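Notes to accompany the following structure.
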Amino acid sequence: MTITGGIAEADAASATMEVEAYKRLYPLQFYERHLDSDVRPDGRPLTRARPTSVNLGSIATADGSALVKIGNTTMLAGVKLEVITPSTASPNQGQVAVDFQMPSICSPLVRPGRPAEAAWVVSEQLSNALVSSNFVNLQQLCIVPGKAAWIAYVDVYCLDADGSLLDAALLAAVAALTHLQLPAVKVTETGRVVPLKNHNGDAGQEVDSIAKKNEDQIVKSRQRLERSSMPIALTCVSHRKHLLADPSAEEESILQMSLTVIMDTSGRLISFYKPGGAVAATSATVKDCIELTKKRVAEVNSIFEEAYEEACGTEMMVE
């Protein structure tokens, strides 16, 4: 290495240290200098979301599962089915129960043994989004009206909390429910629900056999949930005149005015959520966020359809 080259490398290292020191001491000013040039410090355009991936069938022991990544934010969702007695108010419907958890491995801000403050907020918004969107046809979860139905327990685990938690959690929950298969079952004369064989072909043959032997016996074939318009969320953070889509955890902590829009793939607005804070969202900001969500919905739907075809299309060919 030449002396000139060594000096250049030393100068570059010194400049990098100065930038990092400035970022640590004055994080907001550091971001503002980049935002005024309509770019983030990492070079990502303000309105662009991070790379997104969806993988269905990530948990072999679950009835439905999915692994979702948005940038570094990672969510694992699993669905388990149990038989319940339907409520008297809705005798022909099953139920969906959602639980969102943030273990300490997901972020250094989450302390072991203490529930994360953001966990219950995301859990509530996640449940509200699934209910409001009517994404799951609860009547399809009914086995025998008034006697037996499925309850789908949807557990979403945050493996890496790097911003836009609701966006990733909702996508993971929806993907896991889409991957869900209701097992083939028969209902005995006493009302007991008995699962049939696991293999789809054998189960189908057994269903036909039972139906021929006893026409009064109630039998449900193996089936996936009916697909409907999928709810998709986009979180944005706003600072002055700037609006950033899909913020990282660092961006959320520095640019503290955030809002989340949830819209389904048919273009219907499901919900709008803004945490409390000193800064109010203007009507122009809300409108811009909705427009960004429309584009995000189309982008995520395309990613999801490719993942669904790869996972479920292959399964159908095997069956």
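By convention in this document, the chains of the structure tokens carry letters A, B, ... by their order, each chain's residues are numbered from 1, and ligands are numbered from 1 in the order they are shown.
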Q: Could you give me the residues within region 102-308 of chain A that DSSP places in alpha helix (DSSP H), as a ChimeraX atom specification?
A: /A:117-133,165-179,200-213,249-254,283-308
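Of the listed residues (A:His34, A:Arg111, A:Lys69, A:His179), A:His179 comes nearest to Leu56 (chain A); the distances count only C-alpha atoms.
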Q) Could you pull out the strand (DSSP E) residues of region 36-284 of chain A from DSSP and send them as a PyMOL selection string? A) chain A and resi 52-56+64-70+73-84+95-101+142-144+148-160+181-182+185-187+193-195+218-220+223-224+231-239+242-245+257-264+269-273
Could you pull the residues within 8 Å of Val83 (chain A), counting only C-alpha atoms, minus those fewer than 3 positions along the same chain, as a JSON list (two decimals) with all heavy atoms, in the first residue's frame?
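File produced: around-v8.json:
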[["chain", "number", "residue", "atom", "x", "y", "z"],
["A", 148, "ALA", "N", -71.17, -27.97, 16.30],
["A", 148, "ALA", "CA", -69.70, -28.04, 16.20],
["A", 148, "ALA", "C", -69.20, -27.05, 15.15],
["A", 148, "ALA", "O", -69.82, -26.86, 14.10],
["A", 148, "ALA", "CB", -69.26, -29.45, 15.84],
["A", 149, "ALA", "N", -68.08, -26.43, 15.47],
["A", 149, "ALA", "CA", -67.44, -25.49, 14.55],
["A", 149, "ALA", "C", -65.96, -25.44, 14.84],
["A", 149, "ALA", "O", -65.49, -25.90, 15.89],
["A", 149, "ALA", "CB", -68.06, -24.09, 14.68],
["A", 150, "TRP", "N", -65.20, -24.88, 13.91],
["A", 150, "TRP", "CA", -63.77, -24.71, 14.11],
["A", 150, "TRP", "C", -63.49, -23.33, 14.71],
["A", 150, "TRP", "O", -64.14, -22.35, 14.37],
["A", 150, "TRP", "CB", -63.02, -24.79, 12.78],
["A", 150, "TRP", "CG", -63.05, -26.11, 12.08],
["A", 150, "TRP", "CD1", -63.66, -26.40, 10.90],
["A", 150, "TRP", "CD2", -62.41, -27.32, 12.51],
["A", 150, "TRP", "NE1", -63.46, -27.71, 10.57],
["A", 150, "TRP", "CE2", -62.69, -28.30, 11.54],
["A", 150, "TRP", "CE3", -61.64, -27.67, 13.62],
["A", 150, "TRP", "CZ2", -62.22, -29.61, 11.64],
["A", 150, "TRP", "CZ3", -61.18, -28.96, 13.72],
["A", 150, "TRP", "CH2", -61.46, -29.92, 12.73],
["A", 151, "ILE", "N", -62.52, -23.28, 15.60],
["A", 151, "ILE", "CA", -61.93, -22.02, 15.99],
["A", 151, "ILE", "C", -60.49, -22.05, 15.50],
["A", 151, "ILE", "O", -59.77, -23.02, 15.74],
["A", 151, "ILE", "CB", -61.99, -21.75, 17.51],
["A", 151, "ILE", "CG1", -61.34, -20.40, 17.83],
["A", 151, "ILE", "CG2", -61.35, -22.87, 18.32],
["A", 151, "ILE", "CD1", -61.55, -19.94, 19.26],
["A", 193, "VAL", "N", -66.77, -35.04, 16.77],
["A", 193, "VAL", "CA", -66.10, -34.78, 15.50],
["A", 193, "VAL", "C", -64.85, -35.65, 15.43],
["A", 193, "VAL", "O", -63.97, -35.57, 16.29],
["A", 193, "VAL", "CB", -65.71, -33.30, 15.38],
["A", 193, "VAL", "CG1", -64.95, -33.05, 14.08],
["A", 193, "VAL", "CG2", -66.96, -32.41, 15.44]]
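The space separating CA of Gly267 (chain A) from CA of Ala169 (chain A) comes to 20.1 Å.
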Can you list every residue of region 206-313 of chain A that has an atom at most 12 Å from region 73-76 of chain A, with its nearest atom pair and the distance in Å to one decimal, using only C-alpha atoms, ordered by chain then number, as a tab-separated table?
residue	atom	partner	partner_atom	distance
A:Asp246	CA	A:Thr73	CA	10.5
A:Pro247	CA	A:Thr73	CA	10.4
A:Ser248	CA	A:Thr73	CA	8.3
A:Ala249	CA	A:Thr73	CA	9.0
Dump of N, CA and C atoms for the selected residues, as a PDB file, in the first residue's frame:
ATOM      1  N   ASP A 246     -43.271   2.735   4.750  1.00  0.00           N
ATOM      2  CA  ASP A 246     -42.623   1.566   5.339  1.00  0.00           C
ATOM      3  C   ASP A 246     -41.355   1.947   6.102  1.00  0.00           C
ATOM      4  N   PRO A 247     -41.495   2.658   7.219  1.00  0.00           N
ATOM      5  CA  PRO A 247     -40.314   3.096   7.966  1.00  0.00           C
ATOM      6  C   PRO A 247     -39.630   1.956   8.716  1.00  0.00           C
ATOM      7  N   SER A 248     -38.322   2.087   8.869  1.00  0.00           N
ATOM      8  CA  SER A 248     -37.573   1.169   9.722  1.00  0.00           C
ATOM      9  C   SER A 248     -37.802   1.584  11.169  1.00  0.00           C
ATOM     10  N   ALA A 249     -37.315   0.770  12.104  1.00  0.00           N
ATOM     11  CA  ALA A 249     -37.472   1.096  13.523  1.00  0.00           C
ATOM     12  C   ALA A 249     -36.749   2.401  13.859  1.00  0.00           C
TER      13      ALA A 249
END
Tell me which protein, DNA and RNA residues are within 9 Å of Glu124 (chain A), counting only C-alpha atoms, leaving out same-chain ones fewer than 3 positions away, and put them as a PDB file with all heavy atoms, in the first residue's frame.
ATOM      1  N   VAL A  98     -56.829 -14.196  17.472  1.00  0.00           N
ATOM      2  CA  VAL A  98     -55.491 -13.745  17.064  1.00  0.00           C
ATOM      3  C   VAL A  98     -54.656 -13.382  18.284  1.00  0.00           C
ATOM      4  O   VAL A  98     -55.146 -12.730  19.214  1.00  0.00           O
ATOM      5  CB  VAL A  98     -55.583 -12.527  16.121  1.00  0.00           C
ATOM      6  CG1 VAL A  98     -54.196 -12.121  15.639  1.00  0.00           C
ATOM      7  CG2 VAL A  98     -56.484 -12.827  14.941  1.00  0.00           C
ATOM      8  N   ASP A  99     -53.391 -13.808  18.263  1.00  0.00           N
ATOM      9  CA  ASP A  99     -52.462 -13.453  19.341  1.00  0.00           C
ATOM     10  C   ASP A  99     -51.143 -13.030  18.710  1.00  0.00           C
ATOM     11  O   ASP A  99     -50.614 -13.724  17.840  1.00  0.00           O
ATOM     12  CB  ASP A  99     -52.244 -14.644  20.278  1.00  0.00           C
ATOM     13  CG  ASP A  99     -51.343 -14.278  21.455  1.00  0.00           C
ATOM     14  OD1 ASP A  99     -51.523 -13.184  22.028  1.00  0.00           O
ATOM     15  OD2 ASP A  99     -50.460 -15.074  21.792  1.00  0.00           O
ATOM     16  N   PHE A 100     -50.633 -11.876  19.147  1.00  0.00           N
ATOM     17  CA  PHE A 100     -49.370 -11.356  18.619  1.00  0.00           C
ATOM     18  C   PHE A 100     -48.358 -11.275  19.747  1.00  0.00           C
ATOM     19  O   PHE A 100     -48.655 -10.749  20.825  1.00  0.00           O
ATOM     20  CB  PHE A 100     -49.578  -9.956  18.010  1.00  0.00           C
ATOM     21  CG  PHE A 100     -48.306  -9.312  17.540  1.00  0.00           C
ATOM     22  CD1 PHE A 100     -47.699  -9.721  16.368  1.00  0.00           C
ATOM     23  CD2 PHE A 100     -47.713  -8.281  18.270  1.00  0.00           C
ATOM     24  CE1 PHE A 100     -46.517  -9.126  15.930  1.00  0.00           C
ATOM     25  CE2 PHE A 100     -46.545  -7.686  17.842  1.00  0.00           C
ATOM     26  CZ  PHE A 100     -45.938  -8.108  16.664  1.00  0.00           C
ATOM     27  N   ALA A 119     -46.701  -4.611  21.650  1.00  0.00           N
ATOM     28  CA  ALA A 119     -47.316  -5.900  21.333  1.00  0.00           C
ATOM     29  C   ALA A 119     -48.838  -5.850  21.428  1.00  0.00           C
ATOM     30  O   ALA A 119     -49.543  -6.331  20.532  1.00  0.00           O
ATOM     31  CB  ALA A 119     -46.762  -6.987  22.246  1.00  0.00           C
ATOM     32  N   TRP A 120     -49.359  -5.273  22.513  1.00  0.00           N
ATOM     33  CA  TRP A 120     -50.817  -5.274  22.667  1.00  0.00           C
ATOM     34  C   TRP A 120     -51.473  -4.336  21.656  1.00  0.00           C
ATOM     35  O   TRP A 120     -52.609  -4.579  21.210  1.00  0.00           O
ATOM     36  CB  TRP A 120     -51.205  -4.888  24.092  1.00  0.00           C
ATOM     37  CG  TRP A 120     -50.999  -3.439  24.442  1.00  0.00           C
ATOM     38  CD1 TRP A 120     -49.895  -2.877  24.998  1.00  0.00           C
ATOM     39  CD2 TRP A 120     -51.945  -2.375  24.264  1.00  0.00           C
ATOM     40  NE1 TRP A 120     -50.074  -1.528  25.169  1.00  0.00           N
ATOM     41  CE2 TRP A 120     -51.318  -1.188  24.736  1.00  0.00           C
ATOM     42  CE3 TRP A 120     -53.242  -2.310  23.761  1.00  0.00           C
ATOM     43  CZ2 TRP A 120     -51.955   0.054  24.696  1.00  0.00           C
ATOM     44  CZ3 TRP A 120     -53.879  -1.075  23.722  1.00  0.00           C
ATOM     45  CH2 TRP A 120     -53.237   0.088  24.190  1.00  0.00           C
ATOM     46  N   VAL A 121     -50.771  -3.265  21.260  1.00  0.00           N
ATOM     47  CA  VAL A 121     -51.315  -2.346  20.251  1.00  0.00           C
ATOM     48  C   VAL A 121     -51.435  -3.057  18.910  1.00  0.00           C
ATOM     49  O   VAL A 121     -52.478  -2.994  18.245  1.00  0.00           O
ATOM     50  CB  VAL A 121     -50.423  -1.099  20.113  1.00  0.00           C
ATOM     51  CG1 VAL A 121     -50.955  -0.194  18.996  1.00  0.00           C
ATOM     52  CG2 VAL A 121     -50.359  -0.338  21.426  1.00  0.00           C
ATOM     53  N   SER A 127     -56.354  -7.809  15.177  1.00  0.00           N
ATOM     54  CA  SER A 127     -57.676  -8.428  15.343  1.00  0.00           C
ATOM     55  C   SER A 127     -58.759  -7.584  14.683  1.00  0.00           C
ATOM     56  O   SER A 127     -59.644  -8.108  13.981  1.00  0.00           O
ATOM     57  CB  SER A 127     -57.987  -8.610  16.830  1.00  0.00           C
ATOM     58  OG  SER A 127     -57.061  -9.476  17.440  1.00  0.00           O
ATOM     59  N   ASN A 128     -58.693  -6.262  14.899  1.00  0.00           N
ATOM     60  CA  ASN A 128     -59.689  -5.366  14.310  1.00  0.00           C
ATOM     61  C   ASN A 128     -59.662  -5.424  12.782  1.00  0.00           C
ATOM     62  O   ASN A 128     -60.713  -5.405  12.130  1.00  0.00           O
ATOM     63  CB  ASN A 128     -59.451  -3.929  14.773  1.00  0.00           C
ATOM     64  CG  ASN A 128     -59.752  -3.729  16.242  1.00  0.00           C
ATOM     65  OD1 ASN A 128     -60.455  -4.529  16.855  1.00  0.00           O
ATOM     66  ND2 ASN A 128     -59.220  -2.677  16.831  1.00  0.00           N
ATOM     67  N   ALA A 129     -58.466  -5.494  12.209  1.00  0.00           N
ATOM     68  CA  ALA A 129     -58.340  -5.525  10.757  1.00  0.00           C
ATOM     69  C   ALA A 129     -58.944  -6.798  10.166  1.00  0.00           C
ATOM     70  O   ALA A 129     -59.644  -6.756   9.145  1.00  0.00           O
ATOM     71  CB  ALA A 129     -56.875  -5.409  10.356  1.00  0.00           C
TER      72      ALA A 129
END
Q) What lies within 12 Å of Ile84 (chain A) using only C-alpha atoms, ignoring chain neighbours under 3 positions off, as JSON, numbers by chain? A) {"A": [81, 87, 91, 92, 93, 94, 95, 96, 141, 142, 143, 144, 145, 146, 147, 148, 149, 150, 151, 152, 153, 191, 192, 193]}
If you keep N, CA and C atoms, can you produce a file of those selected residues as a tab-separated table (two decimals), in the first residue's frame?
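Done, and the output landed in result24.tsv:
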chain	number	residue	atom	x	y	z
A	81	LEU	N	-56.21	-25.43	14.57
A	81	LEU	CA	-57.67	-25.58	14.62
A	81	LEU	C	-58.09	-26.41	15.83
A	87	SER	N	-71.53	-20.34	19.30
A	87	SER	CA	-72.32	-19.52	20.21
A	87	SER	C	-73.78	-19.54	19.78
A	91	PRO	N	-74.94	-19.55	15.54
A	91	PRO	CA	-74.85	-21.02	15.56
A	91	PRO	C	-74.23	-21.63	14.31
A	92	ASN	N	-74.17	-20.87	13.22
A	92	ASN	CA	-73.63	-21.41	11.96
A	92	ASN	C	-72.28	-20.80	11.61
A	93	GLN	N	-71.55	-20.31	12.63
A	93	GLN	CA	-70.25	-19.69	12.38
A	93	GLN	C	-69.19	-20.22	13.33
A	94	GLY	N	-67.97	-20.28	12.83
A	94	GLY	CA	-66.83	-20.58	13.67
A	94	GLY	C	-66.21	-19.29	14.17
A	95	GLN	N	-64.99	-19.38	14.66
A	95	GLN	CA	-64.34	-18.20	15.23
A	95	GLN	C	-62.87	-18.14	14.81
A	96	VAL	N	-62.32	-16.92	14.88
A	96	VAL	CA	-60.89	-16.70	14.66
A	96	VAL	C	-60.36	-15.93	15.86
A	141	LEU	N	-66.26	-22.12	8.62
A	141	LEU	CA	-65.68	-22.79	9.78
A	141	LEU	C	-66.71	-23.60	10.56
A	142	CYS	N	-67.95	-23.53	10.15
A	142	CYS	CA	-69.00	-24.30	10.81
A	142	CYS	C	-68.97	-25.75	10.33
A	143	ILE	N	-69.05	-26.69	11.26
A	143	ILE	CA	-69.09	-28.12	10.92
A	143	ILE	C	-70.53	-28.61	10.94
A	144	VAL	N	-71.20	-28.41	12.08
A	144	VAL	CA	-72.63	-28.72	12.21
A	144	VAL	C	-73.27	-27.52	12.92
A	145	PRO	N	-74.21	-26.84	12.27
A	145	PRO	CA	-74.82	-25.65	12.88
A	145	PRO	C	-75.33	-25.92	14.29
A	146	GLY	N	-74.92	-25.08	15.21
A	146	GLY	CA	-75.38	-25.19	16.59
A	146	GLY	C	-74.69	-26.27	17.41
A	147	LYS	N	-73.87	-27.11	16.76
A	147	LYS	CA	-73.27	-28.24	17.48
A	147	LYS	C	-71.74	-28.23	17.45
A	148	ALA	N	-71.17	-27.97	16.30
A	148	ALA	CA	-69.70	-28.04	16.20
A	148	ALA	C	-69.20	-27.05	15.15
A	149	ALA	N	-68.08	-26.43	15.47
A	149	ALA	CA	-67.44	-25.49	14.55
A	149	ALA	C	-65.96	-25.44	14.84
A	150	TRP	N	-65.20	-24.88	13.91
A	150	TRP	CA	-63.77	-24.71	14.11
A	150	TRP	C	-63.49	-23.33	14.71
A	151	ILE	N	-62.52	-23.28	15.60
A	151	ILE	CA	-61.93	-22.02	15.99
A	151	ILE	C	-60.49	-22.05	15.50
A	152	ALA	N	-60.11	-21.02	14.76
A	152	ALA	CA	-58.76	-20.93	14.21
A	152	ALA	C	-57.93	-20.00	15.10
A	153	TYR	N	-56.96	-20.57	15.78
A	153	TYR	CA	-56.05	-19.78	16.61
A	153	TYR	C	-54.88	-19.31	15.72
A	191	GLY	N	-72.47	-36.71	18.14
A	191	GLY	CA	-72.01	-35.34	17.95
A	191	GLY	C	-70.52	-35.17	18.05
A	192	ARG	N	-69.78	-36.26	18.18
A	192	ARG	CA	-68.32	-36.15	18.28
A	192	ARG	C	-67.72	-35.99	16.89
A	193	VAL	N	-66.77	-35.04	16.77
A	193	VAL	CA	-66.10	-34.78	15.50
A	193	VAL	C	-64.85	-35.65	15.43
Q | Contact residues around Tyr157 (chain A) with only C-alpha atoms at 12 Å, ignoring same-chain residues under 6 positions, as a ChimeraX atom specification | A | /A:65-68,73-79,98-106,119,122-123,165-166,168-170,172-173
Test item: residues at most 12 Å from Glu32 (chain A), only C-alpha atoms, excluding those fewer than 3 positions along its chain, as a compact mmCIF listing (two decimals) with N, CA and C atoms, in the first residue's frame:
# COMPACT_ATOMS: atom_id res chain seq x y z
N LYS A 23 -24.55 11.65 13.35
CA LYS A 23 -25.83 10.93 13.34
C LYS A 23 -26.27 10.59 14.75
N TYR A 26 -27.01 14.14 16.61
CA TYR A 26 -28.11 14.94 16.05
C TYR A 26 -28.88 14.10 15.02
N PRO A 27 -29.58 13.06 15.49
CA PRO A 27 -30.26 12.16 14.55
C PRO A 27 -31.31 12.83 13.68
N LEU A 28 -32.10 13.72 14.27
CA LEU A 28 -33.15 14.38 13.49
C LEU A 28 -32.55 15.26 12.40
N GLN A 29 -31.56 16.06 12.76
CA GLN A 29 -30.91 16.93 11.78
C GLN A 29 -30.25 16.10 10.68
N LEU A 35 -33.65 14.07 3.87
CA LEU A 35 -35.04 14.22 3.42
C LEU A 35 -35.20 15.42 2.50
N ASP A 36 -34.43 16.46 2.74
CA ASP A 36 -34.51 17.64 1.87
C ASP A 36 -34.06 17.33 0.46
N SER A 37 -33.34 16.21 0.30
CA SER A 37 -32.93 15.75 -1.04
C SER A 37 -33.82 14.61 -1.52
N ASP A 38 -34.94 14.38 -0.80
CA ASP A 38 -35.92 13.33 -1.15
C ASP A 38 -35.29 11.94 -1.20
N VAL A 39 -34.45 11.66 -0.24
CA VAL A 39 -33.85 10.33 -0.16
C VAL A 39 -33.56 10.02 1.30
N ARG A 40 -33.53 8.75 1.63
CA ARG A 40 -33.18 8.33 2.98
C ARG A 40 -31.67 8.12 3.08
N PRO A 41 -31.16 8.08 4.31
CA PRO A 41 -29.72 7.87 4.47
C PRO A 41 -29.20 6.62 3.80
N SER A 238 -44.37 10.77 8.94
CA SER A 238 -44.40 12.10 8.34
C SER A 238 -43.52 13.06 9.14
N HIS A 239 -42.79 13.91 8.42
CA HIS A 239 -41.98 14.95 9.07
C HIS A 239 -41.96 16.17 8.14
N ARG A 240 -42.51 17.28 8.66
CA ARG A 240 -42.65 18.48 7.85
C ARG A 240 -43.42 18.14 6.58
N LYS A 241 -42.84 18.38 5.42
CA LYS A 241 -43.54 18.12 4.16
C LYS A 241 -43.23 16.72 3.62
N HIS A 242 -42.47 15.94 4.35
CA HIS A 242 -42.01 14.65 3.84
C HIS A 242 -42.87 13.50 4.40
N GLU A 251 -36.24 4.95 11.84
CA GLU A 251 -37.03 6.06 11.30
C GLU A 251 -38.26 6.33 12.15
N ILE A 254 -37.21 8.30 15.28
CA ILE A 254 -36.75 9.67 15.06
C ILE A 254 -37.87 10.55 14.50
N LEU A 255 -38.59 10.03 13.53
CA LEU A 255 -39.69 10.77 12.89
C LEU A 255 -40.99 10.22 13.48
